Amino acid sequence: MTRLLLVEDDTLLAETLQDALRLEGYAVATLADGDQARERLAEAHAFDLILLDLNLPGTGGLDVLETLRRHDRDTPVLILTARGAIEDRVRGLDLGADDYLAKPFALDELEARVRALLRRRQKSGGQLQVGALAFDALAQRFTLGDEPLNLPPREQRLLSCLMRHAGEPVDKAQLAGEAFAGESLGDNAIEVYVHRLRRRLADSGVELRTVRGLGYLLATP
Amino acid sequence: MSATHSLYRRLATWLLLPLLGLGTLMLVQAYLSARDAADRAFDRLLEASSLAIAEQVKWQDDQLWLDLPPAALAMLATDAQERVFYALYDDRDNFITGNARLPGLTASDDTALHYGDIRWHGMALRLGVRASRLEGWSQRERFEVRVAHTREGRDRLALSLFAGSLGRIAIMALLAVAVVLLAVRAALAPLTRLRRAIRGRDPRTLAPLALELPRELAELRETLNDLLARMRRVRANQERFVGDASHQLRTPLAGLSARAELALRQDDPQAWRAALEAIQSASARTARLAVQLLSLTRLNNPEATPAPACLDLVETARSATRHALAACHRRGIDLGLEAPDDAVMIDGIDWQLEEALNNLIDNAQRYGARRITVRVGALPPTLEVEDDGPGIPAEQRLLMLRPFHRGAETGDGSGLGLAIVDGIARTHHARLTLAEGHGGRGLRATLLFLGDRE
């Protein structure tokens, strides 16, 4: 089971988030102050994801993060900040946080961020999942629901790249670089492949959307 | 107050330094004129004694003959123990008689007396040379009488004359210094009064300074009073803002509490659900309001503003758009970015600009847009958020920039978003304009960066 650590000193918010995340199927440990969090995180890789409030009694959230990053570079950290300012995010991201969420936030927004961060972590594991769509990187095989999804090689590379970045827009230049490195593509080749993929994914619950100015985005509605 | 910054010391220094120079000049002049007076007095004696000697020169035994009158030398020897020398020379510069072979002076014309300062055998001498001739009917032989004496008497006289003027100059100098110091102190007295008046004030009061002051300082007082007046206006604004803010926070909190109380009295789960939904949306709105109040307060505090750095507007817009993407997607809103391929560099604070964009996107979402476009322009640099919502009537657009002013009563905004954007625009020397979107629909909020401070 995926283990999450929630460091949050506000009782109501901590309890609510804990319940909500447990309902999502995660094992959640909750700590209410920075000193405890620092102690707990001395052991490397005890958790799969850490949700960290910045404004904590005892050791501040940014210090906890700094301590953690000294011996653990890859456990994803999602910062929850009440200070509301993007300037704190900059410091947090500099110190090695992976994402941030400013309070107040919607619960489903938090759940989406948690899913995205965990998925990013699984990337190396070889299994990618977006809604009903799954990709086994070792076998280079896609399944949609229970059915295998057979794709020509270029569409396959395009879709696996989009799945790695699921939930965030990927622009054409990035797609060309990551999915078709070294290949010369026609001007609107990517558009053609996207169009074909869209038809294949129709009615699957997985959407391949165009985000104006930012590229393509694979997501569940 | 340190010495270098004291106005009193500065004035005193600049007045006393020239005075010191003047005093020195006067001293030099007094010394020179004392010497001159002493020389003139003693030169008279030289003249008299040389004349007395010349009158005693006779022609006897075919040669010049001098019968020295003692009085002629006695008048030269004052009580200062000077040494006196005399000599008689004929016109071929042969020594005739005398008690020392004194040198002559060049450029002597008839019967005049010439003076010169010479050094002779290690002594400083004042020498008088008189060219004369015998006045007999048979002999008109030319001769020179040379008389000299050491300077003790002259120096003593010069010194006593100089000492007299020195005393007078010293008394004058002391008087002048005292007058200067007193005058400076008197002239600066109003400044001291002003300083005491300011220091003695209650730090909370912003009342104008009422103080009789000379013209130059009255200007300063008026400037201070202008500043105080501006501060009074700022404080009035702040008080109104705090009042508005607490009202804005209290109202939804009262609503929340009342709604919860009502729901607890009811037993119907359907009613609970409705209450919970209302409570959820009201509390989310209140929390957002608190965040916005905080950012507005920080924008209004110039001391908390970080230094601007060079940034790329395209990157800022991309980051803000990506961040708002998920929320827009959940509401089924089409959010997009239109930006040039090349970077658009300006000096600014990236998180503030991102916050401005977030507020504009957020406003568009709340007021019913279906399609929102974030746009970056290069020449001149602009950031723009356009939506296809209901827009704002032209006559209300300026009012929207005021805190707590809300346009459509149907929206669930706080009325702070555009005020925040306007504040950020001003710290970036940018102009925020609101216009209708393309095709006359919706709202287009544009930040036009005017470049360096104009």
# chains A, B, ... in the order shown; residues from 1 in each chain; ligands from 1
>>> closest_atom_pairs(of="chain A", to="chain B", cutoff="12 Å", atoms="only C-alpha atoms", output="CSV")
residue,atom,partner,partner_atom,distance
A:Thr81,CA,B:Val291,CA,11.0
A:Ala82,CA,B:Val291,CA,8.2
A:Arg83,CA,B:Val291,CA,7.7
A:Gly84,CA,B:Val291,CA,6.1
A:Ala85,CA,B:Ser295,CA,7.6
A:Ile86,CA,B:Trp351,CA,5.4
A:Glu87,CA,B:Trp351,CA,5.9
A:Asp88,CA,B:Trp351,CA,9.4
A:Arg89,CA,B:Trp351,CA,9.1
A:Val90,CA,B:Trp351,CA,8.3
A:Arg91,CA,B:Trp351,CA,11.4
A:Asp99,CA,B:His323,CA,10.6
A:Tyr100,CA,B:His323,CA,10.2
A:Leu101,CA,B:His323,CA,9.9
A:Ala102,CA,B:Val291,CA,9.5
A:Lys103,CA,B:Ala287,CA,7.9
A:Pro104,CA,B:Ala287,CA,6.0
A:Phe105,CA,B:Ala284,CA,7.9
A:Ala106,CA,B:Ala284,CA,8.2
A:Leu107,CA,B:Gln280,CA,11.0
A:Asp108,CA,B:Arg330,CA,9.5
A:Glu109,CA,B:Ala327,CA,7.5
A:Leu110,CA,B:Ala326,CA,10.9
A:Glu111,CA,B:Ala326,CA,11.8
A:Ala112,CA,B:Ala326,CA,8.8
A:Arg113,CA,B:Ala326,CA,9.7
A:Ala116,CA,B:Ala326,CA,11.7
A:Ala166,CA,B:Ala326,CA,11.8
A:Gly167,CA,B:Ala326,CA,8.1
A:Glu168,CA,B:Arg322,CA,7.5
A:Pro169,CA,B:Arg322,CA,7.5
A:Val170,CA,B:Arg322,CA,10.4
A:Asp171,CA,B:Arg318,CA,11.2
A:Ala173,CA,B:Asp341,CA,11.7
A:Glu207,CA,B:His329,CA,11.5
A:Arg209,CA,B:Asp334,CA,10.2
A:Thr210,CA,B:Gly336,CA,9.1
A:Val211,CA,B:Gly336,CA,5.7
A:Arg212,CA,B:Gly336,CA,4.2
A:Gly213,CA,B:Leu337,CA,4.3
A:Leu214,CA,B:Leu337,CA,6.5
A:Gly215,CA,B:Gly336,CA,9.5
A:Tyr216,CA,B:Gly336,CA,11.3
A:Leu217,CA,B:Leu325,CA,10.2
A:Leu218,CA,B:Ala326,CA,11.8
A:Ala219,CA,B:Ala326,CA,9.8
A:Thr220,CA,B:His329,CA,10.3
A:Pro221,CA,B:Arg330,CA,7.5
>>> select_by_dssp(residues="stretch 277-383 of chain B", states="alpha helix (DSSP H)", output="VMD selection string")
chain B and resid 277 to 299 313 to 330 350 to 366
>>> write_last_selection(atoms="C-alpha atoms", output="PDB file, in the first residue's frame")
ATOM      1  CA  GLU B 277     -22.543  22.358   0.462  1.00  0.00           C
ATOM      2  CA  ALA B 278     -23.373  25.940   1.349  1.00  0.00           C
ATOM      3  CA  ILE B 279     -20.869  25.892   4.193  1.00  0.00           C
ATOM      4  CA  GLN B 280     -18.189  24.465   1.951  1.00  0.00           C
ATOM      5  CA  SER B 281     -18.543  27.115  -0.716  1.00  0.00           C
ATOM      6  CA  ALA B 282     -18.839  29.941   1.819  1.00  0.00           C
ATOM      7  CA  SER B 283     -15.756  28.857   3.721  1.00  0.00           C
ATOM      8  CA  ALA B 284     -13.737  28.457   0.539  1.00  0.00           C
ATOM      9  CA  ARG B 285     -14.731  31.989  -0.422  1.00  0.00           C
ATOM     10  CA  THR B 286     -13.811  33.341   2.991  1.00  0.00           C
ATOM     11  CA  ALA B 287     -10.428  31.642   2.951  1.00  0.00           C
ATOM     12  CA  ARG B 288      -9.727  33.060  -0.473  1.00  0.00           C
ATOM     13  CA  LEU B 289     -10.725  36.492   0.759  1.00  0.00           C
ATOM     14  CA  ALA B 290      -8.264  36.230   3.622  1.00  0.00           C
ATOM     15  CA  VAL B 291      -5.481  35.307   1.204  1.00  0.00           C
ATOM     16  CA  GLN B 292      -6.327  38.232  -1.032  1.00  0.00           C
ATOM     17  CA  LEU B 293      -6.456  40.654   1.871  1.00  0.00           C
ATOM     18  CA  LEU B 294      -2.985  39.522   2.821  1.00  0.00           C
ATOM     19  CA  SER B 295      -1.571  40.023  -0.641  1.00  0.00           C
ATOM     20  CA  LEU B 296      -3.204  43.431  -0.977  1.00  0.00           C
ATOM     21  CA  THR B 297      -1.736  44.517   2.345  1.00  0.00           C
ATOM     22  CA  ARG B 298       1.689  43.367   1.274  1.00  0.00           C
ATOM     23  CA  LEU B 299       1.430  45.170  -2.054  1.00  0.00           C
ATOM     24  CA  LEU B 313       6.955  37.372 -19.649  1.00  0.00           C
ATOM     25  CA  VAL B 314       6.341  34.320 -21.856  1.00  0.00           C
ATOM     26  CA  GLU B 315       7.737  32.048 -19.151  1.00  0.00           C
ATOM     27  CA  THR B 316       5.661  33.808 -16.468  1.00  0.00           C
ATOM     28  CA  ALA B 317       2.485  33.504 -18.546  1.00  0.00           C
ATOM     29  CA  ARG B 318       3.202  29.848 -19.333  1.00  0.00           C
ATOM     30  CA  SER B 319       3.718  29.028 -15.683  1.00  0.00           C
ATOM     31  CA  ALA B 320       0.526  30.835 -14.580  1.00  0.00           C
ATOM     32  CA  THR B 321      -1.494  29.194 -17.352  1.00  0.00           C
ATOM     33  CA  ARG B 322      -0.229  25.700 -16.524  1.00  0.00           C
ATOM     34  CA  HIS B 323      -1.026  26.253 -12.902  1.00  0.00           C
ATOM     35  CA  ALA B 324      -4.613  27.324 -13.605  1.00  0.00           C
ATOM     36  CA  LEU B 325      -5.159  24.561 -16.141  1.00  0.00           C
ATOM     37  CA  ALA B 326      -6.486  21.877 -13.799  1.00  0.00           C
ATOM     38  CA  ALA B 327      -8.998  24.160 -12.075  1.00  0.00           C
ATOM     39  CA  CYS B 328     -10.278  25.476 -15.416  1.00  0.00           C
ATOM     40  CA  HIS B 329     -10.512  21.959 -16.763  1.00  0.00           C
ATOM     41  CA  ARG B 330     -12.669  20.845 -13.854  1.00  0.00           C
ATOM     42  CA  ASP B 350       7.930  37.069 -11.275  1.00  0.00           C
ATOM     43  CA  TRP B 351       5.741  35.795  -8.460  1.00  0.00           C
ATOM     44  CA  GLN B 352       3.826  39.067  -8.348  1.00  0.00           C
ATOM     45  CA  LEU B 353       3.130  38.956 -12.074  1.00  0.00           C
ATOM     46  CA  GLU B 354       2.079  35.332 -11.745  1.00  0.00           C
ATOM     47  CA  GLU B 355      -0.231  36.341  -8.925  1.00  0.00           C
ATOM     48  CA  ALA B 356      -1.716  39.086 -11.126  1.00  0.00           C
ATOM     49  CA  LEU B 357      -2.386  36.557 -13.886  1.00  0.00           C
ATOM     50  CA  ASN B 358      -3.841  34.081 -11.381  1.00  0.00           C
ATOM     51  CA  ASN B 359      -6.227  36.762 -10.148  1.00  0.00           C
ATOM     52  CA  LEU B 360      -7.295  37.708 -13.665  1.00  0.00           C
ATOM     53  CA  ILE B 361      -7.825  34.063 -14.675  1.00  0.00           C
ATOM     54  CA  ASP B 362      -9.630  33.416 -11.414  1.00  0.00           C
ATOM     55  CA  ASN B 363     -11.932  36.409 -11.961  1.00  0.00           C
ATOM     56  CA  ALA B 364     -12.750  35.266 -15.477  1.00  0.00           C
ATOM     57  CA  GLN B 365     -13.609  31.779 -14.154  1.00  0.00           C
ATOM     58  CA  ARG B 366     -15.802  33.112 -11.403  1.00  0.00           C
TER      59      ARG B 366
END
>>> select_by_dssp(residues="stretch 18-169 of chain A", states="strand (DSSP E or B)", output="PyMOL selection string")
chain A and resi 27-31+49-53+77-81+99-102+127-130+133-136+141-144+147-149
>>> residues_around(residues="A:Thr67", least_positions_apart="6", cutoff="9 Å", atoms="only C-alpha atoms", output="list in words")
Arg38, Leu41 and Ala42 of chain A
>>> residues_around(residues="B:Phe143", least_positions_apart="5", cutoff="9 Å", atoms="only C-alpha atoms", output="ChimeraX atom specification")
/B:54,57,64,88-93,130-134
>>> atom_distance(atom1="atom CA of B:Thr433", atom2="atom CA of B:Thr382")
10.9 Å
>>> residues_around(residues="stretch 94-96 of chain A", least_positions_apart="3", cutoff="8 Å", atoms="only C-alpha atoms", output="ChimeraX atom specification")
/A:62,65-66,69,73,77,90-91
>>> write_last_selection(atoms="C-alpha atoms", output="mmCIF file, in the first residue's frame")
data_model
loop_
_atom_site.group_PDB
_atom_site.id
_atom_site.type_symbol
_atom_site.label_atom_id
_atom_site.label_comp_id
_atom_site.auth_asym_id
_atom_site.auth_seq_id
_atom_site.Cartn_x
_atom_site.Cartn_y
_atom_site.Cartn_z
ATOM 1 C CA LEU A 62 11.304 24.574 4.805
ATOM 2 C CA LEU A 65 12.445 19.804 3.706
ATOM 3 C CA GLU A 66 16.086 20.842 3.711
ATOM 4 C CA ARG A 69 16.754 16.398 1.013
ATOM 5 C CA ARG A 73 16.598 13.024 -3.015
ATOM 6 C CA VAL A 77 7.212 16.303 -1.450
ATOM 7 C CA VAL A 90 10.007 29.412 -5.186
ATOM 8 C CA ARG A 91 12.023 28.721 -2.028
#
>>> residues_around(residues="B:Gln238", least_positions_apart="3", cutoff="12 Å", atoms="only C-alpha atoms", output="list in words")
Met231, Arg232, Arg233, Val234, Arg235, Phe241, Val242, Gly243, Asp244, Ala245, Leu296, Thr297, Asn300, Asn301 and Pro403 of chain B
>>> residues_around(residues="A:Ala14", least_positions_apart="3", cutoff="12 Å", atoms="only C-alpha atoms", output="ChimeraX atom specification")
/A:5-11,17-21,28-33,51-53,80
>>> closest_residue(among="B:Ile420, B:Leu443, B:Ala48, B:Leu448", to="B:Ala378", atoms="only C-alpha atoms")
B:Leu448
>>> atom_distance(atom1="atom CA of B:Glu144", atom2="atom CA of B:Val129")
6.8 Å
